[in-house]
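**Q** Hey, dropping model07.cif in here, mmCIF, N, CA and C atoms:
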```
data_start
#
loop_
_atom_site.label_atom_id
_atom_site.label_comp_id
_atom_site.auth_asym_id
_atom_site.auth_seq_id
_atom_site.Cartn_x
_atom_site.Cartn_y
_atom_site.Cartn_z
N MET A 1 9.05 5.61 3.50
CA MET A 1 8.13 6.65 3.11
C MET A 1 8.04 6.69 1.60
N GLY A 2 6.95 7.25 1.12
CA GLY A 2 6.76 7.33 -0.31
C GLY A 2 5.47 8.05 -0.64
N ARG A 3 5.09 7.94 -1.90
CA ARG A 3 3.90 8.63 -2.40
C ARG A 3 3.21 7.74 -3.42
N VAL A 4 1.87 7.74 -3.38
CA VAL A 4 1.07 6.97 -4.33
C VAL A 4 0.24 7.96 -5.15
N THR A 5 0.32 7.80 -6.47
CA THR A 5 -0.45 8.63 -7.39
C THR A 5 -1.09 7.75 -8.45
N VAL A 6 -2.08 8.31 -9.14
CA VAL A 6 -2.66 7.69 -10.33
C VAL A 6 -2.57 8.74 -11.41
N GLN A 7 -1.81 8.44 -12.44
CA GLN A 7 -1.55 9.37 -13.53
C GLN A 7 -1.12 10.73 -12.98
N GLY A 8 -0.24 10.69 -11.98
CA GLY A 8 0.34 11.89 -11.41
C GLY A 8 -0.49 12.57 -10.34
N GLN A 9 -1.72 12.14 -10.10
CA GLN A 9 -2.60 12.75 -9.10
C GLN A 9 -2.55 11.95 -7.80
N PRO A 10 -2.37 12.62 -6.65
CA PRO A 10 -2.26 11.89 -5.38
C PRO A 10 -3.56 11.21 -4.99
N LEU A 11 -3.43 10.09 -4.30
CA LEU A 11 -4.59 9.34 -3.81
C LEU A 11 -4.54 9.25 -2.29
N ALA A 12 -5.62 9.63 -1.64
CA ALA A 12 -5.75 9.47 -0.18
C ALA A 12 -6.40 8.13 0.12
N ASP A 13 -6.15 7.63 1.33
CA ASP A 13 -6.77 6.40 1.83
C ASP A 13 -6.48 5.17 0.98
N ILE A 14 -5.21 5.04 0.60
CA ILE A 14 -4.74 3.85 -0.10
C ILE A 14 -3.85 3.08 0.88
N GLY A 15 -4.15 1.80 1.05
CA GLY A 15 -3.29 0.94 1.86
C GLY A 15 -2.13 0.46 1.02
N VAL A 16 -0.92 0.58 1.56
CA VAL A 16 0.30 0.17 0.87
C VAL A 16 0.92 -0.95 1.71
N ASN A 17 1.03 -2.14 1.13
CA ASN A 17 1.52 -3.30 1.85
C ASN A 17 2.85 -3.77 1.28
N PHE A 18 3.89 -3.79 2.11
CA PHE A 18 5.22 -4.28 1.74
C PHE A 18 5.40 -5.67 2.35
N GLU A 19 5.56 -6.68 1.51
CA GLU A 19 5.75 -8.05 1.98
C GLU A 19 7.13 -8.53 1.54
N PRO A 20 8.02 -8.83 2.50
CA PRO A 20 9.36 -9.28 2.15
C PRO A 20 9.33 -10.60 1.37
N VAL A 21 10.29 -10.77 0.46
CA VAL A 21 10.41 -12.00 -0.31
C VAL A 21 11.82 -12.55 -0.16
N GLY A 22 11.97 -13.83 -0.43
CA GLY A 22 13.29 -14.44 -0.35
C GLY A 22 13.45 -15.28 0.90
N GLY A 23 14.66 -15.79 1.08
CA GLY A 23 14.95 -16.68 2.21
C GLY A 23 14.65 -16.04 3.55
N GLY A 24 13.85 -16.72 4.35
CA GLY A 24 13.51 -16.23 5.69
C GLY A 24 12.77 -14.92 5.69
N ALA A 25 11.97 -14.67 4.69
CA ALA A 25 11.31 -13.40 4.38
C ALA A 25 11.11 -12.45 5.56
N GLY A 26 10.42 -12.84 6.60
CA GLY A 26 10.24 -11.95 7.75
C GLY A 26 8.92 -11.20 7.73
N ARG A 27 8.83 -10.22 8.60
CA ARG A 27 7.57 -9.49 8.81
C ARG A 27 7.36 -8.38 7.79
N GLY A 28 6.10 -8.14 7.49
CA GLY A 28 5.73 -7.12 6.53
C GLY A 28 5.49 -5.76 7.17
N SER A 29 5.25 -4.78 6.31
CA SER A 29 4.96 -3.41 6.75
C SER A 29 3.76 -2.88 5.99
N PHE A 30 3.10 -1.89 6.60
CA PHE A 30 1.88 -1.33 6.02
C PHE A 30 1.88 0.18 6.22
N GLY A 31 1.30 0.89 5.25
CA GLY A 31 1.12 2.33 5.37
C GLY A 31 -0.21 2.74 4.78
N ARG A 32 -0.64 3.95 5.09
CA ARG A 32 -1.89 4.50 4.57
C ARG A 32 -1.60 5.91 4.05
N THR A 33 -2.05 6.19 2.82
CA THR A 33 -1.75 7.50 2.24
C THR A 33 -2.62 8.59 2.85
N ASP A 34 -2.04 9.79 2.92
CA ASP A 34 -2.79 10.97 3.35
C ASP A 34 -3.35 11.70 2.12
N ALA A 35 -3.90 12.88 2.31
CA ALA A 35 -4.53 13.63 1.21
C ALA A 35 -3.56 13.95 0.07
N ALA A 36 -2.26 14.04 0.37
CA ALA A 36 -1.25 14.34 -0.65
C ALA A 36 -0.68 13.07 -1.27
N GLY A 37 -1.19 11.90 -0.86
CA GLY A 37 -0.71 10.63 -1.39
C GLY A 37 0.52 10.09 -0.68
N ASN A 38 0.97 10.77 0.37
CA ASN A 38 2.18 10.36 1.10
C ASN A 38 1.85 9.30 2.14
N TYR A 39 2.80 8.39 2.38
CA TYR A 39 2.63 7.37 3.40
C TYR A 39 3.97 7.10 4.08
N SER A 40 3.89 6.55 5.27
CA SER A 40 5.04 6.04 6.01
C SER A 40 4.71 4.61 6.42
N LEU A 41 5.71 3.76 6.45
CA LEU A 41 5.48 2.36 6.77
C LEU A 41 5.67 2.07 8.25
N ARG A 42 4.86 1.12 8.74
CA ARG A 42 4.96 0.62 10.09
C ARG A 42 4.91 -0.91 10.02
N PHE A 43 5.70 -1.57 10.87
CA PHE A 43 5.66 -3.03 10.91
C PHE A 43 4.28 -3.50 11.35
N ILE A 44 3.80 -4.55 10.70
CA ILE A 44 2.47 -5.06 10.98
C ILE A 44 2.37 -5.64 12.39
N ASP A 45 3.41 -6.31 12.85
CA ASP A 45 3.31 -7.04 14.12
C ASP A 45 3.53 -6.21 15.38
N ASN A 46 4.19 -5.04 15.28
CA ASN A 46 4.45 -4.29 16.51
C ASN A 46 4.24 -2.78 16.38
N ASP A 47 3.75 -2.32 15.25
CA ASP A 47 3.42 -0.92 15.02
C ASP A 47 4.62 0.03 15.15
N GLN A 48 5.83 -0.48 14.97
CA GLN A 48 7.01 0.39 14.95
C GLN A 48 7.25 0.85 13.52
N ALA A 49 7.81 2.03 13.36
CA ALA A 49 8.09 2.59 12.03
C ALA A 49 9.15 1.77 11.32
N GLY A 50 8.97 1.59 9.99
CA GLY A 50 10.00 0.99 9.18
C GLY A 50 9.57 -0.19 8.35
N ALA A 51 10.57 -0.78 7.68
CA ALA A 51 10.40 -1.97 6.86
C ALA A 51 11.73 -2.72 6.87
N LEU A 52 11.67 -4.02 6.71
CA LEU A 52 12.89 -4.82 6.68
C LEU A 52 13.72 -4.48 5.44
N ILE A 53 15.02 -4.53 5.60
CA ILE A 53 15.91 -4.32 4.46
C ILE A 53 15.82 -5.55 3.56
N GLY A 54 15.74 -5.31 2.26
CA GLY A 54 15.68 -6.40 1.30
C GLY A 54 14.57 -6.20 0.28
N LYS A 55 14.35 -7.24 -0.51
CA LYS A 55 13.36 -7.18 -1.58
C LYS A 55 11.95 -7.40 -1.03
N HIS A 56 11.01 -6.66 -1.60
CA HIS A 56 9.62 -6.73 -1.18
C HIS A 56 8.71 -6.80 -2.40
N GLU A 57 7.52 -7.35 -2.18
CA GLU A 57 6.44 -7.26 -3.14
C GLU A 57 5.44 -6.27 -2.55
N VAL A 58 5.07 -5.27 -3.34
CA VAL A 58 4.20 -4.20 -2.86
C VAL A 58 2.84 -4.30 -3.53
N THR A 59 1.79 -4.33 -2.71
CA THR A 59 0.42 -4.32 -3.22
C THR A 59 -0.34 -3.16 -2.59
N PHE A 60 -1.47 -2.84 -3.20
CA PHE A 60 -2.24 -1.67 -2.81
C PHE A 60 -3.70 -2.05 -2.59
N ARG A 61 -4.37 -1.30 -1.72
CA ARG A 61 -5.78 -1.53 -1.44
C ARG A 61 -6.48 -0.18 -1.33
N ASP A 62 -7.61 -0.07 -1.98
CA ASP A 62 -8.40 1.16 -1.91
C ASP A 62 -9.24 1.10 -0.63
N LEU A 63 -8.81 1.78 0.41
CA LEU A 63 -9.48 1.71 1.70
C LEU A 63 -10.85 2.38 1.69
N GLN A 64 -11.07 3.33 0.80
CA GLN A 64 -12.41 3.93 0.68
C GLN A 64 -13.39 2.92 0.12
N ALA A 65 -12.97 2.15 -0.89
CA ALA A 65 -13.85 1.14 -1.47
C ALA A 65 -14.11 0.03 -0.46
N SER A 66 -13.09 -0.33 0.34
CA SER A 66 -13.25 -1.37 1.34
C SER A 66 -14.24 -0.94 2.41
N SER A 67 -14.21 0.32 2.81
CA SER A 67 -15.13 0.83 3.82
C SER A 67 -16.57 0.73 3.32
N ALA A 68 -16.79 1.05 2.05
CA ALA A 68 -18.13 0.98 1.48
C ALA A 68 -18.62 -0.46 1.46
N GLN A 69 -17.74 -1.39 1.15
CA GLN A 69 -18.12 -2.80 1.08
C GLN A 69 -18.39 -3.36 2.46
N ASP A 70 -17.65 -2.94 3.47
CA ASP A 70 -17.75 -3.50 4.80
C ASP A 70 -18.90 -2.92 5.61
N SER A 71 -19.53 -1.87 5.13
CA SER A 71 -20.59 -1.23 5.92
C SER A 71 -21.86 -2.07 5.91
N ASP A 72 -22.69 -1.84 6.90
CA ASP A 72 -23.98 -2.52 7.00
C ASP A 72 -25.10 -1.62 6.49
N ALA A 73 -24.76 -0.70 5.60
CA ALA A 73 -25.72 0.31 5.14
C ALA A 73 -26.81 -0.25 4.25
N GLY A 74 -26.65 -1.44 3.74
CA GLY A 74 -27.68 -1.99 2.86
C GLY A 74 -27.08 -2.96 1.87
N PRO A 75 -27.78 -3.17 0.74
CA PRO A 75 -27.31 -4.14 -0.24
C PRO A 75 -25.96 -3.73 -0.84
N MET A 76 -25.23 -4.75 -1.26
CA MET A 76 -23.92 -4.50 -1.87
C MET A 76 -24.08 -3.70 -3.15
N VAL A 77 -23.24 -2.70 -3.28
CA VAL A 77 -23.22 -1.86 -4.47
C VAL A 77 -21.90 -2.13 -5.17
N LYS A 78 -21.94 -2.17 -6.50
CA LYS A 78 -20.70 -2.40 -7.24
C LYS A 78 -19.70 -1.30 -6.89
N GLN A 79 -18.53 -1.72 -6.46
CA GLN A 79 -17.50 -0.77 -6.04
C GLN A 79 -16.82 -0.13 -7.24
N LYS A 80 -16.47 1.11 -7.07
CA LYS A 80 -15.67 1.81 -8.07
C LYS A 80 -14.29 2.05 -7.46
N PHE A 81 -13.30 1.39 -8.02
CA PHE A 81 -11.94 1.55 -7.53
C PHE A 81 -11.29 2.74 -8.22
N ARG A 82 -10.41 3.40 -7.50
CA ARG A 82 -9.77 4.62 -8.01
C ARG A 82 -8.45 4.35 -8.71
N PHE A 83 -8.09 3.09 -8.82
CA PHE A 83 -6.90 2.70 -9.58
C PHE A 83 -7.15 1.31 -10.14
N PRO A 84 -6.40 0.88 -11.14
CA PRO A 84 -6.61 -0.44 -11.72
C PRO A 84 -6.49 -1.55 -10.67
N GLN A 85 -7.46 -2.44 -10.64
CA GLN A 85 -7.51 -3.49 -9.62
C GLN A 85 -6.32 -4.44 -9.66
N ARG A 86 -5.64 -4.53 -10.77
CA ARG A 86 -4.49 -5.45 -10.86
C ARG A 86 -3.42 -5.11 -9.81
N HIS A 87 -3.36 -3.84 -9.36
CA HIS A 87 -2.36 -3.44 -8.36
C HIS A 87 -2.66 -4.02 -6.99
N MET A 88 -3.86 -4.60 -6.82
CA MET A 88 -4.20 -5.25 -5.56
C MET A 88 -3.67 -6.69 -5.53
N SER A 89 -3.54 -7.31 -6.69
CA SER A 89 -3.15 -8.71 -6.73
C SER A 89 -1.82 -8.98 -7.45
N GLU A 90 -1.35 -8.04 -8.25
CA GLU A 90 -0.08 -8.20 -8.96
C GLU A 90 0.96 -7.30 -8.31
N PRO A 91 1.80 -7.85 -7.45
CA PRO A 91 2.75 -7.03 -6.69
C PRO A 91 3.78 -6.32 -7.57
N GLN A 92 4.18 -5.16 -7.11
CA GLN A 92 5.28 -4.43 -7.73
C GLN A 92 6.52 -4.64 -6.87
N PRO A 93 7.67 -4.84 -7.49
CA PRO A 93 8.88 -5.05 -6.70
C PRO A 93 9.45 -3.73 -6.17
N PHE A 94 10.02 -3.81 -4.97
CA PHE A 94 10.76 -2.67 -4.42
C PHE A 94 11.80 -3.22 -3.45
N GLU A 95 13.01 -2.71 -3.55
CA GLU A 95 14.07 -3.14 -2.63
C GLU A 95 14.34 -2.04 -1.60
N VAL A 96 14.13 -2.39 -0.34
CA VAL A 96 14.41 -1.48 0.76
C VAL A 96 15.89 -1.60 1.08
N LYS A 97 16.57 -0.46 1.09
CA LYS A 97 18.00 -0.43 1.39
C LYS A 97 18.22 0.26 2.72
N SER A 98 19.39 0.09 3.28
CA SER A 98 19.73 0.73 4.54
C SER A 98 19.63 2.24 4.41
N GLY A 99 19.12 2.91 5.42
CA GLY A 99 18.96 4.37 5.39
C GLY A 99 17.57 4.76 4.95
N ASN A 100 17.42 6.00 4.52
CA ASN A 100 16.12 6.50 4.07
C ASN A 100 15.81 6.02 2.66
N ASN A 101 14.58 5.61 2.44
CA ASN A 101 14.12 5.14 1.14
C ASN A 101 12.91 5.96 0.72
N GLN A 102 12.80 6.21 -0.56
CA GLN A 102 11.63 6.89 -1.14
C GLN A 102 10.99 5.91 -2.11
N ALA A 103 9.83 5.37 -1.73
CA ALA A 103 9.13 4.38 -2.56
C ALA A 103 7.88 5.01 -3.14
N ASP A 104 8.02 5.60 -4.32
CA ASP A 104 6.90 6.26 -5.00
C ASP A 104 6.32 5.31 -6.04
N PHE A 105 4.99 5.30 -6.16
CA PHE A 105 4.31 4.43 -7.11
C PHE A 105 3.25 5.23 -7.84
N ASP A 106 3.25 5.16 -9.17
CA ASP A 106 2.18 5.77 -9.99
C ASP A 106 1.37 4.62 -10.55
N LEU A 107 0.16 4.43 -10.05
CA LEU A 107 -0.69 3.32 -10.42
C LEU A 107 -1.47 3.67 -11.67
N LYS A 108 -1.01 3.20 -12.80
CA LYS A 108 -1.64 3.53 -14.09
C LYS A 108 -2.49 2.39 -14.55
#
```
Here is the file; what I need is its structure written in the form of structure tokens.

**A**
Amino acid sequence: MGRVTVQGQPLADIGVNFEPVGGGAGRGSFGRTDAAGNYSLRFIDNDQAGALIGKHEVTFRDLQASSAQDSDAGPMVKQKFRFPQRHMSEPQPFEVKSGNNQADFDLK
């Protein structure tokens, strides 16, 4: 679990992707922020709560911008992202440890 903010303000509808790194990496986890910016992770392959213990690369996706792009409403409109786009392609490190973890990210 954790929280995503931009300059301290919570962001709703942000996809949070945890991808394990290292030997035998394993399966990833995904979460979606609520109106307060909070998210919980679920394994991608079986929809169970959690994330593998170990080091991860964390990336983010603006799901509101993705919805606008994926719609058939008409011609493509330049998307306005609510956080710097580098957070979609430049992973942030986070190590998941045994027990409860709080993975908060402020996307500046």

**Q** Taking (8.8, 5.9, 3.8) in the coordinates of the supplied file, I want to know which residues reach to within 8 Å of it, counting all atoms listed in the file; could you give the answer as a VMD selection string?

**A** chain A and resid 1 to 3 38 to 42 50 to 51 100 to 103

**Q** For the selection just defined, write its residues with N, CA and C atoms to a file, as an mmCIF file, in the coordinates of the input.

**A**
```
data_model
loop_
_atom_site.group_PDB
_atom_site.id
_atom_site.type_symbol
_atom_site.label_atom_id
_atom_site.label_comp_id
_atom_site.auth_asym_id
_atom_site.auth_seq_id
_atom_site.Cartn_x
_atom_site.Cartn_y
_atom_site.Cartn_z
ATOM 1 N N MET A 1 9.050 5.610 3.500
ATOM 2 C CA MET A 1 8.130 6.650 3.110
ATOM 3 C C MET A 1 8.040 6.690 1.600
ATOM 4 N N GLY A 2 6.950 7.250 1.120
ATOM 5 C CA GLY A 2 6.760 7.330 -0.310
ATOM 6 C C GLY A 2 5.470 8.050 -0.640
ATOM 7 N N ARG A 3 5.090 7.940 -1.900
ATOM 8 C CA ARG A 3 3.900 8.630 -2.400
ATOM 9 C C ARG A 3 3.210 7.740 -3.420
ATOM 10 N N ASN A 38 0.970 10.770 0.370
ATOM 11 C CA ASN A 38 2.180 10.360 1.100
ATOM 12 C C ASN A 38 1.850 9.300 2.140
ATOM 13 N N TYR A 39 2.800 8.390 2.380
ATOM 14 C CA TYR A 39 2.630 7.370 3.400
ATOM 15 C C TYR A 39 3.970 7.100 4.080
ATOM 16 N N SER A 40 3.890 6.550 5.270
ATOM 17 C CA SER A 40 5.040 6.040 6.010
ATOM 18 C C SER A 40 4.710 4.610 6.420
ATOM 19 N N LEU A 41 5.710 3.760 6.450
ATOM 20 C CA LEU A 41 5.480 2.360 6.770
ATOM 21 C C LEU A 41 5.670 2.070 8.250
ATOM 22 N N ARG A 42 4.860 1.120 8.740
ATOM 23 C CA ARG A 42 4.960 0.620 10.090
ATOM 24 C C ARG A 42 4.910 -0.910 10.020
ATOM 25 N N GLY A 50 8.970 1.590 9.990
ATOM 26 C CA GLY A 50 10.000 0.990 9.180
ATOM 27 C C GLY A 50 9.570 -0.190 8.350
ATOM 28 N N ALA A 51 10.570 -0.780 7.680
ATOM 29 C CA ALA A 51 10.400 -1.970 6.860
ATOM 30 C C ALA A 51 11.730 -2.720 6.870
ATOM 31 N N ASN A 100 17.420 6.000 4.520
ATOM 32 C CA ASN A 100 16.120 6.500 4.070
ATOM 33 C C ASN A 100 15.810 6.020 2.660
ATOM 34 N N ASN A 101 14.580 5.610 2.440
ATOM 35 C CA ASN A 101 14.120 5.140 1.140
ATOM 36 C C ASN A 101 12.910 5.960 0.720
ATOM 37 N N GLN A 102 12.800 6.210 -0.560
ATOM 38 C CA GLN A 102 11.630 6.890 -1.140
ATOM 39 C C GLN A 102 10.990 5.910 -2.110
ATOM 40 N N ALA A 103 9.830 5.370 -1.730
ATOM 41 C CA ALA A 103 9.130 4.380 -2.560
ATOM 42 C C ALA A 103 7.880 5.010 -3.140
#
```

**Q** Can you list every residue in segment 26-107 of chain A that DSSP puts in strand (DSSP E), as a list in words?

**A** Ser29, Phe30, Gly31, Arg32, Asn38, Tyr39, Arg42, Phe43, Gly54, Lys55, His56, Glu57, Val58, Thr59, Phe60, Arg61, Asp62, Gln92, Pro93, Phe94, Glu95, Val96, Phe105 and Asp106 of chain A

**Q** Go ahead and find all residues with at least one atom no further than 6 Å from (-1.0, -2.7, 8.1) in the file's coordinates, using all atoms listed in the file; report them as a PyMOL selection string.

**A** chain A and resi 29-31+44

**Q** So how many Å separate atom CA of Val96 of chain A and atom N of Ile14 of chain A, to one decimal?

**A** 20.7 Å

**Q** Can you measure atom CA of Leu63 of chain A to atom CA of Gly15 of chain A for me? One decimal in Å is fine.

**A**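 Rounded to one decimal, the two atoms are 6.2 Å apart.
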
**Q** What does the structure give for the distance between atom CA of Lys97 of chain A and atom CA of Val6 of chain A, in Å to one decimal?

**A** 25.1 Å

**Q** So which residues get picked by the PyMOL selection byres (((chain A and resi 22 and name CA) around 12) and name CA) here, written as a PyMOL selection string?

**A** chain A and resi 19-21+23-27+52-57+95

**Q** Please evaluate the PyMOL selection byres ((chain A and resi 36) around 6.5) against the displayed coordinates and give the resulting residues as a PDB file with N, CA and C atoms, keeping the file's coordinate frame.

**A**
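Just written: out-v1.pdb:
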```pdb
ATOM      1  N   ARG A   3       5.090   7.940  -1.900  1.00  0.00           N
ATOM      2  CA  ARG A   3       3.900   8.630  -2.400  1.00  0.00           C
ATOM      3  C   ARG A   3       3.210   7.740  -3.420  1.00  0.00           C
ATOM      4  N   VAL A   4       1.870   7.740  -3.380  1.00  0.00           N
ATOM      5  CA  VAL A   4       1.070   6.970  -4.330  1.00  0.00           C
ATOM      6  C   VAL A   4       0.240   7.960  -5.150  1.00  0.00           C
ATOM      7  N   PRO A  10      -2.370  12.620  -6.650  1.00  0.00           N
ATOM      8  CA  PRO A  10      -2.260  11.890  -5.380  1.00  0.00           C
ATOM      9  C   PRO A  10      -3.560  11.210  -4.990  1.00  0.00           C
ATOM     10  N   LEU A  11      -3.430  10.090  -4.300  1.00  0.00           N
ATOM     11  CA  LEU A  11      -4.590   9.340  -3.810  1.00  0.00           C
ATOM     12  C   LEU A  11      -4.540   9.250  -2.290  1.00  0.00           C
ATOM     13  N   ALA A  12      -5.620   9.630  -1.640  1.00  0.00           N
ATOM     14  CA  ALA A  12      -5.750   9.470  -0.180  1.00  0.00           C
ATOM     15  C   ALA A  12      -6.400   8.130   0.120  1.00  0.00           C
ATOM     16  N   THR A  33      -2.050   6.190   2.820  1.00  0.00           N
ATOM     17  CA  THR A  33      -1.750   7.500   2.240  1.00  0.00           C
ATOM     18  C   THR A  33      -2.620   8.590   2.850  1.00  0.00           C
ATOM     19  N   ASP A  34      -2.040   9.790   2.920  1.00  0.00           N
ATOM     20  CA  ASP A  34      -2.790  10.970   3.350  1.00  0.00           C
ATOM     21  C   ASP A  34      -3.350  11.700   2.120  1.00  0.00           C
ATOM     22  N   ALA A  35      -3.900  12.880   2.310  1.00  0.00           N
ATOM     23  CA  ALA A  35      -4.530  13.630   1.210  1.00  0.00           C
ATOM     24  C   ALA A  35      -3.560  13.950   0.070  1.00  0.00           C
ATOM     25  N   GLY A  37      -1.190  11.900  -0.860  1.00  0.00           N
ATOM     26  CA  GLY A  37      -0.710  10.630  -1.390  1.00  0.00           C
ATOM     27  C   GLY A  37       0.520  10.090  -0.680  1.00  0.00           C
ATOM     28  N   ASN A  38       0.970  10.770   0.370  1.00  0.00           N
ATOM     29  CA  ASN A  38       2.180  10.360   1.100  1.00  0.00           C
ATOM     30  C   ASN A  38       1.850   9.300   2.140  1.00  0.00           C
TER      31      ASN A  38
END
```

**Q** Between A:Val16, A:Ser98, A:Asp45, A:Arg61, which has the minimum distance to Arg82 of chain A (counting only C-alpha atoms)?

**A**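 Residue with the minimum atom-to-atom distance to Arg82 of chain A: A:Arg61.
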
**Q** Quick one: DSSP alpha helix (DSSP H) residues in chain A, as a ChimeraX atom specification?

**A** /A:63-70,86-89

**Q** Given the choices A:Thr5, A:Asp13, A:Val58, A:Arg32, which gets closest to Pro93 of chain A if the distance is worked out from all atoms listed in the file?

**A** A:Val58
